[in-house]
Amino acid sequence: MMPESERVPHAPLSTTTHGGNPTVTVSADNDTTVPLTETPQSHFYRVIWRWHFYAGLLVIPIMVMLAITGIIYLFKPQLDALMYPQHVTPAGTVLSFEQQLDAVAAAYPAATISTLRPPAAADRSSEVSLTTAQEQNLTVFVNPYTGQVLGARDDDNNLQNWAVTMHGSMMLGTTGDLLIELAACWGLVLVLTGLYLWWPRRANAVWGTLIPRFQTKNKRIFWRDLHAVPGFWGAILIAFMIISGLPWAGFWGDNFAQVWNRYPAGMWNDVPTSELPAAVLNEQVKTVPWAVEITPLPVSTLPHSGHDHGSGSEHEHEVEPIGVDAVAEFAAAQHAPPGYTIGLPQRVEGVYTISAFPPDPRDQLTIHLDQYSGAVLADIRWQDYSLVPQAVELGIALHQGTFGGLFNQLVMLAVCLVIILLSVSGAVMWWLRRPQGRLGAPSMPANFPLWRGAVLILLVLALIFPLVGASLLVALAFDYLLVQRVPALQRVLN
């Protein structure tokens with residue numbers, strides 16, 4: 001968002017210095033040079049503009065990538081329905097889930113089956129997640145009426161997986177995750193500084209503040225309004241989009257979850273638990289809600305084997321799990337919402353896990369069952385979450401566009417498009433105003449006073465978002481200790 005000097009009709013094209021006093025060169029219909037009053041407020045304005053400029057140039061590529069990949073993942077339900085064989089024609093009696101799993105096992109010998117998702121409707125296929133002997137992660141679609149394997153989705157190499165991996169880590173692992181977290185946090189700084197720069201400083205400043213001036217012949221005014229006005233109208237939703245996505249961030253999200261995702265210890269006092277978190281149930285396909293990911297995964301108790309003392313010989317009876325059909329019957333009795341998942345035990349002490357994160361997060365549930373006795377080891381519902389995890393789960397549902405159906409998707413689509421528009425218009429504005437051969441950052445005023453309010457805001461941001469604090473210190477040190485003291489850097493960057 002551009003400074004006040006570019007808000008007036010026939011906006012100025014540049015700020016220069018004559019005899020030590022800043023002046024504004026006005027172009028278009030009024031080609032004159034007028035003095036710019038130097039006040040503490042104008043100093044502060046220039047500093048905010050400078051940091052808005054720097055932050056924008058640094059995060060624009062990442063914000064555009066996040067918006068594009070976010071749009072792809074936003075419409076995952078519709079894209080999956082088009083790309084994969086999820087629909088079937090109801091015909092006769094539904095096969096047992098054991099029979100459906102046997103059909104998958106026959107089609108993929110030596111594969112390890114990890115989860116089963118029963119059909120969400122009568123005309124939908126069952127979905128089975130597995131890892132092949134070649135360590136390929138697949139979701140296999142099965143006709144529940146015939147047991148026919150309809151096809152499979154490669155969970156490591158598909159459009160949705162590419163989008164979510166780029167969105168989360170730019171396919172750079174931990175490094176990419178930290179870069180995205182840093183860009184997202186600085187995106188909040190952009191929103192705050194942008195609102196300060198946008199704030200009208202003239203009476204009745206409607207055009208260029210609330211409504212773009214599309215009729216202007218001045219390219220810089222056109223792009224400035226195309227940047228500032230949508231930025232104002234979308235500021236709250238952009239901030240929400242950033243904040244609701246941070247719980248997935250590696251550094252901030254993990255620490256946030258450790259602080260807030262706490263449940264009464266009594267929920268696990270009477271059952272044995274492992275040292276593994278529930279998130280390990282299936283690393284390829286999301287199996288449990290975010291609010292439950294760090295909870296301890298219970299373990300099943302292996303019963304003592306019976307013995308048959310007949311004909312002078314001893315025969316040990318093998319202890320069998322209760323089976324996935326019994327688990328599905330239990331899930332139905334618990335009114336698990338359509339689209340729930342059954343996690344299958346992967347070890348002798350493993351558990352069956354019934355989990356659901358439907359469009360309405362208030363219907364979420366996570367139930368762990370002993371694989372041998374069927375006993376309920378843990379039952380976690382929406383009402384068991386504390387206020388913060390409830391807010392996070394609601395934010396995630398809105399962020400992903402699932403809570404309000406198509407309307408929610410379209411609102412989030414609009415936010416993504418605004419982010420792209422702000423990024424493109426900001427880059428164009430910089431390109432139009434940059435001095436040839438220089439970066440063209442707004443100049444830093446001399447003897448800039450220490451503004452307590454601004455310092456307090458920065459300290460709060462640094463406390464809440466440590467990466468912002470650390471990167472801010474580095475940026476300030478670079479700007480004040482190098483750029484402002486090395487003429488060669490000033491010529492290039494300013």
# chains A, B, ... in the order shown; residues from 1 in each chain; ligands from 1
>>> residues_around(residues="stretch 54-70 of chain A", least_positions_apart="6", cutoff="8 Å", atoms="only C-alpha atoms", output="number ranges by chain")
A: 163-164, 166-167, 180, 183-184, 186-187, 189-190, 416-417, 419-420, 423, 426-427, 441
>>> residues_around(residues="stretch 396-400 of chain A", least_positions_apart="2", cutoff="8 Å", atoms="only C-alpha atoms", output="list in words")
Tyr73, Leu74, Met241, Ser244, Gly245, Pro359, Asp360, Pro361, Val392, Glu393, Leu394, Thr402, Phe403, Gly404, Asn408, Gln409 and Met412 of chain A
>>> select_by_dssp(residues="stretch 350-399 of chain A", states="alpha helix (DSSP H)", output="MDAnalysis selection string")
chainID A and resid 387:399
>>> closest_residue(among="A:Ile72, A:Ala152, A:Leu237, A:Val94", to="A:Val140", atoms="only C-alpha atoms")
A:Ala152
>>> closest_residue(among="A:Tyr340, A:Phe330, A:Trp252, A:Trp162", to="A:Glu181", atoms="only C-alpha atoms")
A:Trp252
>>> closest_residue(among="A:Val229, A:Phe44, A:Phe251, A:Ala103", to="A:Val206", atoms="only C-alpha atoms")
A:Val229
>>> select_by_dssp(residues="stretch 132-211 of chain A", states="strand (DSSP E)", output="JSON, numbers by chain")
{"A": [137, 138, 139, 140, 141, 142, 149, 150, 151, 152, 153, 154]}
>>> write_last_selection(atoms="N, CA and C atoms", output="tab-separated table (two decimals), in the first residue's frame")
chain	number	residue	atom	x	y	z
A	137	ASN	N	2.97	-45.81	-1.53
A	137	ASN	CA	1.77	-45.54	-0.74
A	137	ASN	C	0.59	-45.28	-1.66
A	138	LEU	N	-0.43	-46.10	-1.52
A	138	LEU	CA	-1.58	-46.01	-2.41
A	138	LEU	C	-2.87	-45.92	-1.61
A	139	THR	N	-3.87	-45.30	-2.21
A	139	THR	CA	-5.25	-45.41	-1.76
A	139	THR	C	-6.00	-46.18	-2.83
A	140	VAL	N	-6.55	-47.32	-2.47
A	140	VAL	CA	-7.20	-48.21	-3.41
A	140	VAL	C	-8.72	-48.06	-3.26
A	141	PHE	N	-9.41	-47.94	-4.40
A	141	PHE	CA	-10.86	-47.78	-4.41
A	141	PHE	C	-11.51	-49.12	-4.73
A	142	VAL	N	-12.46	-49.52	-3.88
A	142	VAL	CA	-13.08	-50.84	-3.98
A	142	VAL	C	-14.59	-50.69	-4.11
A	149	VAL	N	-11.64	-54.15	-7.43
A	149	VAL	CA	-10.71	-53.05	-7.24
A	149	VAL	C	-10.84	-52.12	-8.44
A	150	LEU	N	-11.31	-50.91	-8.20
A	150	LEU	CA	-11.63	-49.98	-9.28
A	150	LEU	C	-10.42	-49.19	-9.77
A	151	GLY	N	-9.44	-49.05	-8.94
A	151	GLY	CA	-8.26	-48.26	-9.29
A	151	GLY	C	-7.56	-47.81	-8.03
A	152	ALA	N	-6.54	-47.02	-8.20
A	152	ALA	CA	-5.75	-46.58	-7.06
A	152	ALA	C	-5.21	-45.18	-7.29
A	153	ARG	N	-4.95	-44.49	-6.20
A	153	ARG	CA	-4.32	-43.18	-6.25
A	153	ARG	C	-2.96	-43.28	-5.60
A	154	ASP	N	-1.95	-42.80	-6.28
A	154	ASP	CA	-0.60	-42.76	-5.71
A	154	ASP	C	-0.56	-41.59	-4.73
>>> atom_distance(atom1="atom CA of A:Thr112", atom2="atom CA of A:Asp254")
28.9 Å
>>> atom_distance(atom1="atom CA of A:Asp384", atom2="atom CA of A:Asp363")
11.8 Å
>>> closest_atom_pairs(of="stretch 67-167 of chain A", to="stretch 349-357 of chain A", cutoff="12 Å", atoms="only C-alpha atoms", output="Markdown table")
| residue | atom | partner | partner_atom | distance |
| --- | --- | --- | --- | --- |
| A:Ser114 | CA | A:Tyr352 | CA | 10.2 |
| A:Thr115 | CA | A:Thr353 | CA | 9.1 |
| A:Leu116 | CA | A:Ile354 | CA | 9.8 |
| A:Arg117 | CA | A:Ile354 | CA | 9.7 |
| A:Pro118 | CA | A:Ile354 | CA | 11.1 |
| A:Ala120 | CA | A:Ala356 | CA | 11.5 |
>>> decode(residues="stretch 426-447 of chain A", atoms="C-alpha atoms", output="PDB file, in the first residue's frame")
ATOM      1  CA  GLY A 426       2.819  -4.674  -5.375  1.00  0.00           C
ATOM      2  CA  ALA A 427       5.496  -5.974  -7.732  1.00  0.00           C
ATOM      3  CA  VAL A 428       4.196  -3.785 -10.580  1.00  0.00           C
ATOM      4  CA  MET A 429       4.150  -0.710  -8.325  1.00  0.00           C
ATOM      5  CA  TRP A 430       7.749  -1.322  -7.369  1.00  0.00           C
ATOM      6  CA  TRP A 431       8.734  -1.834 -11.026  1.00  0.00           C
ATOM      7  CA  LEU A 432       7.091   1.437 -12.076  1.00  0.00           C
ATOM      8  CA  ARG A 433       8.697   3.552  -9.349  1.00  0.00           C
ATOM      9  CA  ARG A 434      12.130   1.931  -9.060  1.00  0.00           C
ATOM     10  CA  PRO A 435      15.158   4.085 -10.016  1.00  0.00           C
ATOM     11  CA  GLN A 436      17.176   2.523 -12.816  1.00  0.00           C
ATOM     12  CA  GLY A 437      19.913   0.266 -11.489  1.00  0.00           C
ATOM     13  CA  ARG A 438      18.668   0.456  -7.889  1.00  0.00           C
ATOM     14  CA  LEU A 439      16.251  -1.445  -5.680  1.00  0.00           C
ATOM     15  CA  GLY A 440      14.347   1.726  -4.846  1.00  0.00           C
ATOM     16  CA  ALA A 441      13.479   1.078  -1.208  1.00  0.00           C
ATOM     17  CA  PRO A 442      11.801   4.031   0.561  1.00  0.00           C
ATOM     18  CA  SER A 443      14.501   6.102   2.275  1.00  0.00           C
ATOM     19  CA  MET A 444      15.113   5.865   6.002  1.00  0.00           C
ATOM     20  CA  PRO A 445      14.711   9.272   7.711  1.00  0.00           C
ATOM     21  CA  ALA A 446      17.599  10.626   9.722  1.00  0.00           C
ATOM     22  CA  ASN A 447      17.261  10.830  13.516  1.00  0.00           C
TER      23      ASN A 447
END
